[in-house]
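Coordinates as given in input.txt (compact mmCIF, C-alpha atoms):
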```txt
# COMPACT_ATOMS: atom_id res chain seq x y z
CA MET L 1 8.72 -16.14 25.39
CA LYS L 2 7.35 -18.00 22.39
CA ASP L 3 9.67 -19.21 19.68
CA LEU L 4 10.35 -16.26 17.38
CA HIS L 5 11.45 -18.09 14.24
CA GLY L 6 9.53 -17.55 11.02
CA VAL L 7 7.18 -15.03 9.46
CA PHE L 8 6.00 -11.99 11.44
CA VAL L 9 3.49 -9.51 10.01
CA ALA L 10 4.42 -5.86 10.57
CA LEU L 11 0.81 -4.82 11.04
CA VAL L 12 -0.67 -1.71 9.48
CA THR L 13 -3.11 0.31 11.57
CA PRO L 14 -6.54 0.72 9.96
CA PHE L 15 -8.01 4.16 10.69
CA LEU L 16 -11.51 5.59 10.50
CA PRO L 17 -11.99 8.89 8.62
CA ASP L 18 -11.92 10.82 11.92
CA GLY L 19 -8.51 9.36 12.85
CA ARG L 20 -9.70 6.81 15.38
CA VAL L 21 -8.48 3.23 15.13
CA ASN L 22 -10.79 1.00 13.11
CA LYS L 23 -10.93 -1.74 15.70
CA LEU L 24 -13.05 -4.10 13.61
CA ALA L 25 -10.73 -3.87 10.62
CA LEU L 26 -7.66 -4.39 12.80
CA ARG L 27 -9.19 -7.51 14.30
CA GLN L 28 -10.16 -8.77 10.82
CA LEU L 29 -6.59 -8.22 9.61
CA ILE L 30 -5.12 -10.12 12.55
CA ARG L 31 -7.62 -12.95 12.17
CA MET L 32 -6.93 -13.27 8.43
CA ASN L 33 -3.20 -13.65 9.07
CA LEU L 34 -3.67 -16.05 11.97
CA HIS L 35 -5.73 -18.19 9.60
CA LYS L 36 -2.84 -18.15 7.11
CA GLY L 37 -0.52 -19.50 9.77
CA VAL L 38 1.91 -16.67 10.48
CA ASN L 39 4.30 -17.19 13.37
CA GLY L 40 3.73 -13.80 14.91
CA PHE L 41 3.05 -10.09 14.65
CA TYR L 42 5.21 -7.00 14.94
CA CYS L 43 2.83 -4.43 16.40
CA CYS L 44 3.08 -0.63 16.38
CA GLY L 45 6.13 -0.41 14.15
CA SER L 46 6.95 1.78 11.15
CA THR L 47 4.25 0.17 9.01
CA ALA L 48 1.71 0.86 11.74
CA GLU L 49 2.45 4.60 11.44
CA ALA L 50 3.55 4.55 15.07
CA PHE L 51 5.35 7.88 14.85
CA LEU L 52 2.17 9.54 13.55
CA MET L 53 0.07 8.35 16.49
CA PRO L 54 -0.20 9.81 19.99
CA HIS L 55 1.04 7.64 22.84
CA GLU L 56 -2.38 6.60 24.04
CA GLN L 57 -3.40 5.45 20.58
CA ARG L 58 -0.28 3.30 20.28
CA LYS L 59 -1.23 1.68 23.57
CA GLU L 60 -4.79 1.16 22.35
CA VAL L 61 -3.56 -0.58 19.19
CA LEU L 62 -1.31 -2.92 21.17
CA GLU L 63 -4.14 -3.75 23.57
CA ILE L 64 -6.38 -4.73 20.65
CA CYS L 65 -3.59 -6.83 19.16
CA ALA L 66 -2.93 -8.64 22.44
CA GLU L 67 -6.61 -9.34 22.96
CA GLU L 68 -7.24 -10.62 19.44
CA ILE L 69 -4.07 -12.70 19.10
CA ALA L 70 -4.63 -14.13 22.58
CA GLY L 71 -1.64 -16.46 22.55
CA GLU L 72 -2.29 -17.92 19.09
CA ALA L 73 0.96 -16.40 17.79
CA ALA L 74 3.91 -14.47 19.16
CA ILE L 75 3.80 -10.69 19.65
CA ILE L 76 6.73 -8.31 19.37
CA ALA L 77 5.72 -4.81 20.46
CA HIS L 78 7.60 -1.92 18.93
CA VAL L 79 8.01 0.80 21.56
CA GLY L 80 10.54 3.06 19.86
CA GLU L 81 10.56 6.81 20.34
CA ILE L 82 13.05 9.65 20.26
CA SER L 83 12.36 10.11 23.96
CA GLN L 84 13.80 7.45 26.26
CA ASP L 85 11.13 8.20 28.88
CA GLY L 86 8.41 7.74 26.27
CA ALA L 87 9.87 4.45 25.06
CA VAL L 88 10.20 3.17 28.63
CA ASP L 89 6.55 4.04 29.27
CA LEU L 90 5.47 2.09 26.18
CA ALA L 91 7.71 -0.83 27.12
CA ARG L 92 6.18 -1.08 30.60
CA HIS L 93 2.70 -0.96 29.09
CA ALA L 94 3.67 -3.76 26.67
CA ALA L 95 5.03 -5.85 29.53
CA GLY L 96 1.69 -5.55 31.28
CA LEU L 97 0.03 -7.11 28.24
CA GLU L 98 2.38 -10.10 28.41
CA VAL L 99 3.80 -9.73 24.92
CA ASP L 100 6.74 -11.95 24.01
CA ALA L 101 9.31 -9.23 23.35
CA VAL L 102 9.68 -5.51 22.82
CA SER L 103 11.57 -3.86 20.00
CA SER L 104 12.79 -0.37 19.25
CA VAL L 105 14.37 1.65 16.52
CA ALA L 106 17.37 3.61 17.78
CA PRO L 107 16.53 7.15 18.95
CA PHE L 108 16.90 9.39 15.91
CA TYR L 109 16.86 12.98 14.62
CA TYR L 110 19.29 14.32 17.22
CA PRO L 111 22.98 13.35 16.81
CA PHE L 112 23.05 10.92 19.72
CA THR L 113 26.37 9.21 20.44
CA PHE L 114 26.50 5.43 20.34
CA GLU L 115 26.91 5.35 24.11
CA GLU L 116 23.67 7.33 24.44
CA ILE L 117 21.91 4.94 22.06
CA ARG L 118 23.26 1.97 24.00
CA ARG L 119 21.99 3.43 27.29
CA TYR L 120 18.57 3.90 25.67
CA TYR L 121 18.39 0.21 24.76
CA PHE L 122 19.56 -0.92 28.18
CA ALA L 123 16.94 1.30 29.83
CA LEU L 124 14.27 -0.56 27.83
CA ALA L 125 15.66 -3.93 28.88
CA GLU L 126 15.68 -2.90 32.53
CA SER L 127 12.23 -1.33 32.55
CA ALA L 128 10.25 -3.93 30.63
CA ASP L 129 11.89 -7.10 31.96
CA LEU L 130 11.22 -8.59 28.53
CA PRO L 131 13.54 -9.75 25.74
CA VAL L 132 14.48 -6.85 23.46
CA ILE L 133 14.83 -6.92 19.66
CA VAL L 134 17.07 -4.17 18.29
CA TYR L 135 15.46 -2.57 15.22
CA HIS L 136 18.15 -1.42 12.79
CA ILE L 137 16.72 0.57 9.89
CA PRO L 138 19.40 3.09 8.88
CA GLY L 139 17.67 4.04 5.62
CA TYR L 140 14.73 5.51 7.54
CA SER L 141 16.14 6.41 10.93
CA GLY L 142 19.42 7.83 9.69
CA VAL L 143 21.16 5.91 12.49
CA LYS L 144 23.69 3.42 11.12
CA LEU L 145 25.13 1.06 13.69
CA SER L 146 28.22 -0.98 12.90
CA GLU L 147 28.47 -4.73 13.36
CA GLU L 148 30.61 -4.18 16.46
CA GLN L 149 28.17 -1.70 17.95
CA ILE L 150 25.22 -4.06 17.45
CA ALA L 151 27.28 -6.94 18.80
CA SER L 152 28.06 -4.98 21.97
CA ILE L 153 24.32 -4.85 22.64
CA LEU L 154 23.49 -8.41 21.60
CA GLU L 155 26.17 -9.77 23.95
CA ASP L 156 23.78 -8.98 26.80
CA PRO L 157 21.41 -11.96 27.31
CA ARG L 158 18.41 -9.65 27.69
CA PHE L 159 18.61 -8.90 23.96
CA ALA L 160 16.94 -11.64 21.94
CA GLY L 161 17.96 -10.47 18.51
CA LEU L 162 17.87 -7.97 15.68
CA LYS L 163 15.42 -6.73 13.07
CA HIS L 164 17.81 -6.06 10.19
CA THR L 165 16.14 -3.71 7.69
CA SER L 166 19.20 -3.20 5.57
CA SER L 167 20.72 -4.64 2.40
CA ASP L 168 24.02 -5.23 4.21
CA PHE L 169 23.83 -9.01 4.21
CA PHE L 170 27.50 -9.30 5.06
CA ALA L 171 26.71 -7.71 8.44
CA LEU L 172 23.67 -9.97 8.83
CA GLU L 173 25.76 -13.08 8.19
CA ARG L 174 28.53 -11.96 10.53
CA LEU L 175 26.06 -11.25 13.35
CA HIS L 176 24.28 -14.57 12.82
CA SER L 177 27.64 -16.38 12.95
CA ARG L 178 28.63 -14.58 16.14
CA PHE L 179 25.23 -15.05 17.79
CA PRO L 180 23.73 -18.29 16.40
CA ASP L 181 21.19 -18.48 19.22
CA LYS L 182 19.79 -14.98 18.62
CA TYR L 183 16.85 -14.20 16.35
CA ILE L 184 17.92 -12.27 13.24
CA PHE L 185 14.92 -10.98 11.26
CA ASN L 186 15.18 -9.88 7.64
CA GLY L 187 13.43 -6.54 7.20
CA TYR L 188 13.23 -5.82 3.46
CA ASP L 189 10.45 -7.90 1.91
CA GLU L 190 11.96 -7.70 -1.58
CA MET L 191 15.14 -9.32 -0.20
CA PHE L 192 13.54 -11.99 1.99
CA LEU L 193 15.37 -14.91 0.38
CA SER L 194 18.66 -13.02 0.41
CA GLY L 195 18.25 -12.57 4.15
CA LEU L 196 17.50 -16.27 4.69
CA ALA L 197 20.54 -17.24 2.63
CA ALA L 198 22.69 -15.00 4.82
CA GLY L 199 21.38 -16.60 8.01
CA ALA L 200 18.18 -14.75 8.94
CA THR L 201 15.95 -16.82 11.21
CA GLY L 202 12.81 -15.27 9.74
CA GLY L 203 11.35 -12.02 8.53
CA ILE L 204 9.27 -9.08 9.67
CA GLY L 205 7.56 -7.34 6.80
CA SER L 206 4.95 -4.87 5.62
CA THR L 207 3.66 -6.69 2.55
CA TYR L 208 3.03 -9.75 4.72
CA ASN L 209 -0.23 -7.96 5.62
CA VAL L 210 -1.63 -8.87 2.20
CA MET L 211 0.39 -11.92 1.11
CA ALA L 212 1.85 -13.65 4.15
CA GLU L 213 1.30 -17.04 2.54
CA LYS L 214 4.01 -16.26 -0.03
CA PHE L 215 6.57 -15.60 2.70
CA ILE L 216 5.48 -18.64 4.70
CA ARG L 217 5.98 -20.80 1.62
CA MET L 218 9.37 -19.25 0.81
CA TYR L 219 10.46 -19.87 4.39
CA GLU L 220 9.41 -23.52 4.10
CA LEU L 221 11.07 -24.02 0.71
CA ALA L 222 14.32 -22.44 1.88
CA GLY L 223 14.32 -24.80 4.84
CA GLU L 224 14.02 -27.69 2.37
CA ASN L 225 16.85 -26.32 0.17
CA ARG L 226 14.41 -25.75 -2.69
CA TRP L 227 15.79 -22.35 -3.59
CA ASP L 228 14.70 -22.24 -7.24
CA GLU L 229 11.06 -22.71 -6.27
CA ALA L 230 11.38 -20.12 -3.53
CA ARG L 231 13.01 -17.68 -5.94
CA ARG L 232 9.99 -17.84 -8.26
CA ILE L 233 7.77 -16.73 -5.39
CA GLN L 234 10.22 -13.94 -4.52
CA THR L 235 9.93 -12.75 -8.13
CA ASP L 236 6.15 -12.47 -7.78
CA VAL L 237 6.57 -10.67 -4.44
CA ASN L 238 8.91 -8.19 -6.08
CA LYS L 239 6.40 -7.45 -8.84
CA VAL L 240 3.97 -6.40 -6.11
CA VAL L 241 6.64 -4.42 -4.27
CA SER L 242 7.46 -2.56 -7.50
CA VAL L 243 3.86 -1.32 -7.68
CA LEU L 244 3.81 -0.38 -4.00
CA LEU L 245 6.96 1.67 -4.39
CA ARG L 246 5.08 3.77 -6.94
CA THR L 247 1.92 4.23 -4.86
CA GLY L 248 3.65 4.53 -1.48
CA VAL L 249 4.13 1.33 0.50
CA ILE L 250 1.83 2.03 3.46
CA GLN L 251 -0.82 3.70 1.32
CA GLY L 252 -0.66 0.88 -1.22
CA ILE L 253 -0.95 -1.90 1.37
CA LYS L 254 -3.96 -0.17 2.89
CA GLY L 255 -5.49 0.20 -0.57
CA LEU L 256 -4.97 -3.49 -1.26
CA LEU L 257 -6.53 -4.47 2.05
CA THR L 258 -9.57 -2.34 1.29
CA LEU L 259 -9.89 -4.06 -2.10
CA MET L 260 -9.64 -7.39 -0.25
CA GLY L 261 -12.58 -6.48 2.00
CA ILE L 262 -10.78 -5.08 5.07
CA ASP L 263 -11.42 -1.34 5.37
CA ALA L 264 -7.93 -0.13 6.25
CA GLY L 265 -8.69 3.52 5.50
CA ASN L 266 -6.07 6.05 4.48
CA ALA L 267 -2.59 6.59 5.85
CA ARG L 268 -2.37 9.53 8.22
CA ALA L 269 -1.39 13.01 7.08
CA PRO L 270 0.99 14.14 5.82
CA PHE L 271 0.67 10.96 3.71
CA ARG L 272 -1.64 11.61 0.77
CA ALA L 273 -4.68 9.59 -0.26
CA LEU L 274 -4.41 7.29 -3.27
CA SER L 275 -5.76 8.44 -6.62
CA GLY L 276 -8.31 6.49 -8.63
CA GLU L 277 -5.60 5.55 -11.11
CA GLU L 278 -3.43 4.15 -8.31
CA MET L 279 -6.34 2.11 -6.95
CA ASP L 280 -6.81 0.68 -10.45
CA GLU L 281 -3.12 -0.24 -10.53
CA LEU L 282 -3.50 -2.03 -7.19
CA ARG L 283 -6.64 -3.79 -8.38
CA ALA L 284 -4.68 -5.13 -11.36
CA ILE L 285 -2.17 -6.95 -9.12
CA LEU L 286 -4.74 -8.63 -6.87
CA PRO L 287 -4.62 -11.89 -8.92
CA LEU L 288 -0.83 -11.98 -8.44
CA ILE L 289 -1.20 -11.48 -4.69
CA ARG L 290 -3.75 -14.27 -4.41
CA ALA L 291 -1.75 -16.72 -6.52
CA LEU L 292 0.78 -19.04 -4.90
```
Show me the file's structure as structure tokens.
Amino acid sequence: MKDLHGVFVALVTPFLPDGRVNKLALRQLIRMNLHKGVNGFYCCGSTAEAFLMPHEQRKEVLEICAEEIAGEAAIIAHVGEISQDGAVDLARHAAGLEVDAVSSVAPFYYPFTFEEIRRYYFALAESADLPVIVYHIPGYSGVKLSEEQIASILEDPRFAGLKHTSSDFFALERLHSRFPDKYIFNGYDEMFLSGLAAGATGGIGSTYNVMAEKFIRMYELAGENRWDEARRIQTDVNKVVSVLLRTGVIQGIKGLLTLMGIDAGNARAPFRALSGEEMDELRAILPLIRAL
């Protein structure tokens, strides 16, 4: 497994109008971010619209990612599903592509007990024979795990860490203190510096698709204790995030990529297409995205 510290792009999935993956655009997106110097990629996660894609398409996306990245950066493959059998199938496929780790959101929708969720994660660890990153995103999944529940999973050496998409930085700090050798990824882009201050070892984020260099620089500045300079960059990031929250985050990122010359297409239905006015609003923040 490669070192998993640093900045990981939660890749979007560019689609063609007929719903097929835009392979060229996906490769261009990966190549652009490799050129910027990201540490790795989080493939087939929430930002990728994984839960809107059929199984075979998720596998296709990961295969393209593995081929294009080709060892130049680390790969974490998100394999989460409601179905344990489905997640295990995706995890085994990911292992065959020699990714560095697999990750999964907790199974959601049904009122699973924590013991059922724990068994789900351990089934992934057993089937993939790869390090596992627990993906905790209670605001989207509706599954809120306590510090003790997460700790009971991380105690197993097969679990490499946690993607913490939550504003509970007390829990992040406590888990980092208990497991200093585990990778703890900050998940909310608008709180990247807050996560680093609480002990995050890096970040996995959606807006990294279009402005990874800002997060790379913040990560470097934080490591040098230059927090005031890093905070100024976080302020610019948050101006962009504020616009994306109005347009829809996935739709807005795809719109920005298209304006930047990478045809990311539209988000899948039931997401709506962006209006002309929203595209104009995105166009207006391009100078801010490009500035560092």
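Using only C-alpha atoms, the nearest neighbour of L:Asp263 within the list L:Arg226, L:Lys2, L:Arg31, L:Lys23 is L:Lys23.
Taking atom CA of L:Ala125 and atom CA of L:Leu145 as the two end points, the separation is 18.6 Å.
Atom CA of L:Tyr121 lies 11.6 Å from atom CA of L:Asp85.
Minimum atom-to-atom distance to L:Lys214, evaluated using only C-alpha atoms, belongs to L:Ala291 out of L:Val102, L:Leu162, L:Ala291, L:Ala25.
The smallest atom-to-atom distance between L:Ser46 and any of L:Pro17, L:Gly195, L:Gly86, L:Gly80, using all atoms listed in the file, is found for L:Gly80.
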What's the 9 Å shell around L:Gly187, counting all atoms listed in the file, without same-chain residues fewer than 6 positions away, as a PyMOL selection string? chain L and resi 136-137+163-167+195+203-206
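Closest approach to L:Tyr188 among L:Asn22, L:Asn225, L:Thr258, L:Gln234 is made by L:Gln234 (distances from only C-alpha atoms).
Ranking L:Thr235, L:Ser194, L:Ser242, L:Asn209 by their shortest atom-to-atom distance to L:Ala264, with only C-alpha atoms included, puts L:Asn209 first.
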Reconstructed stretch 228-248 of chain L, atom set N, CA, C and O atoms, as a short mmCIF file (atom, residue, chain, number, x, y, z; two decimals), keeping the file's coordinate frame:
```
data_model
loop_
_atom_site.label_atom_id
_atom_site.label_comp_id
_atom_site.auth_asym_id
_atom_site.auth_seq_id
_atom_site.Cartn_x
_atom_site.Cartn_y
_atom_site.Cartn_z
N ASP L 228 15.25 -22.67 -5.95
CA ASP L 228 14.70 -22.24 -7.24
C ASP L 228 13.21 -22.00 -7.15
O ASP L 228 12.68 -21.01 -7.69
N GLU L 229 12.50 -22.90 -6.45
CA GLU L 229 11.06 -22.71 -6.27
C GLU L 229 10.78 -21.47 -5.43
O GLU L 229 9.86 -20.70 -5.73
N ALA L 230 11.57 -21.29 -4.39
CA ALA L 230 11.38 -20.12 -3.53
C ALA L 230 11.65 -18.83 -4.31
O ALA L 230 10.95 -17.82 -4.13
N ARG L 231 12.64 -18.87 -5.18
CA ARG L 231 13.01 -17.68 -5.94
C ARG L 231 11.88 -17.24 -6.87
O ARG L 231 11.68 -16.04 -7.11
N ARG L 232 11.13 -18.20 -7.40
CA ARG L 232 9.99 -17.84 -8.26
C ARG L 232 8.94 -17.08 -7.48
O ARG L 232 8.32 -16.15 -8.01
N ILE L 233 8.73 -17.47 -6.23
CA ILE L 233 7.77 -16.73 -5.39
C ILE L 233 8.32 -15.34 -5.07
O ILE L 233 7.57 -14.35 -5.09
N GLN L 234 9.62 -15.25 -4.79
CA GLN L 234 10.22 -13.94 -4.52
C GLN L 234 10.05 -13.02 -5.73
O GLN L 234 9.80 -11.81 -5.57
N THR L 235 10.14 -13.56 -6.92
CA THR L 235 9.93 -12.75 -8.13
C THR L 235 8.53 -12.17 -8.16
O THR L 235 8.33 -10.98 -8.49
N ASP L 236 7.53 -12.97 -7.82
CA ASP L 236 6.15 -12.47 -7.78
C ASP L 236 5.99 -11.41 -6.68
O ASP L 236 5.32 -10.39 -6.88
N VAL L 237 6.60 -11.66 -5.52
CA VAL L 237 6.57 -10.67 -4.44
C VAL L 237 7.14 -9.34 -4.93
O VAL L 237 6.58 -8.27 -4.69
N ASN L 238 8.24 -9.41 -5.65
CA ASN L 238 8.91 -8.19 -6.08
C ASN L 238 8.12 -7.43 -7.14
O ASN L 238 8.25 -6.20 -7.25
N LYS L 239 7.30 -8.13 -7.91
CA LYS L 239 6.40 -7.45 -8.84
C LYS L 239 5.39 -6.61 -8.07
O LYS L 239 5.08 -5.48 -8.46
N VAL L 240 4.91 -7.14 -6.96
CA VAL L 240 3.97 -6.40 -6.11
C VAL L 240 4.68 -5.23 -5.45
O VAL L 240 4.17 -4.10 -5.42
N VAL L 241 5.87 -5.48 -4.93
CA VAL L 241 6.64 -4.42 -4.27
C VAL L 241 6.92 -3.28 -5.25
O VAL L 241 6.84 -2.09 -4.87
N SER L 242 7.19 -3.60 -6.50
CA SER L 242 7.46 -2.56 -7.50
C SER L 242 6.27 -1.61 -7.65
O SER L 242 6.45 -0.39 -7.78
N VAL L 243 5.06 -2.16 -7.61
CA VAL L 243 3.86 -1.32 -7.68
C VAL L 243 3.72 -0.48 -6.41
O VAL L 243 3.42 0.72 -6.46
N LEU L 244 3.95 -1.10 -5.26
CA LEU L 244 3.81 -0.38 -4.00
C LEU L 244 4.81 0.75 -3.86
O LEU L 244 4.52 1.78 -3.24
N LEU L 245 5.98 0.59 -4.43
CA LEU L 245 6.96 1.67 -4.39
C LEU L 245 6.48 2.89 -5.18
O LEU L 245 6.87 4.02 -4.89
N ARG L 246 5.62 2.65 -6.17
CA ARG L 246 5.08 3.77 -6.94
C ARG L 246 3.92 4.44 -6.21
O ARG L 246 3.77 5.66 -6.27
N THR L 247 3.10 3.66 -5.53
CA THR L 247 1.92 4.23 -4.86
C THR L 247 2.25 4.77 -3.47
O THR L 247 1.51 5.57 -2.92
N GLY L 248 3.37 4.32 -2.90
CA GLY L 248 3.65 4.53 -1.48
C GLY L 248 3.34 3.22 -0.78
O GLY L 248 2.23 2.67 -0.95
#
```
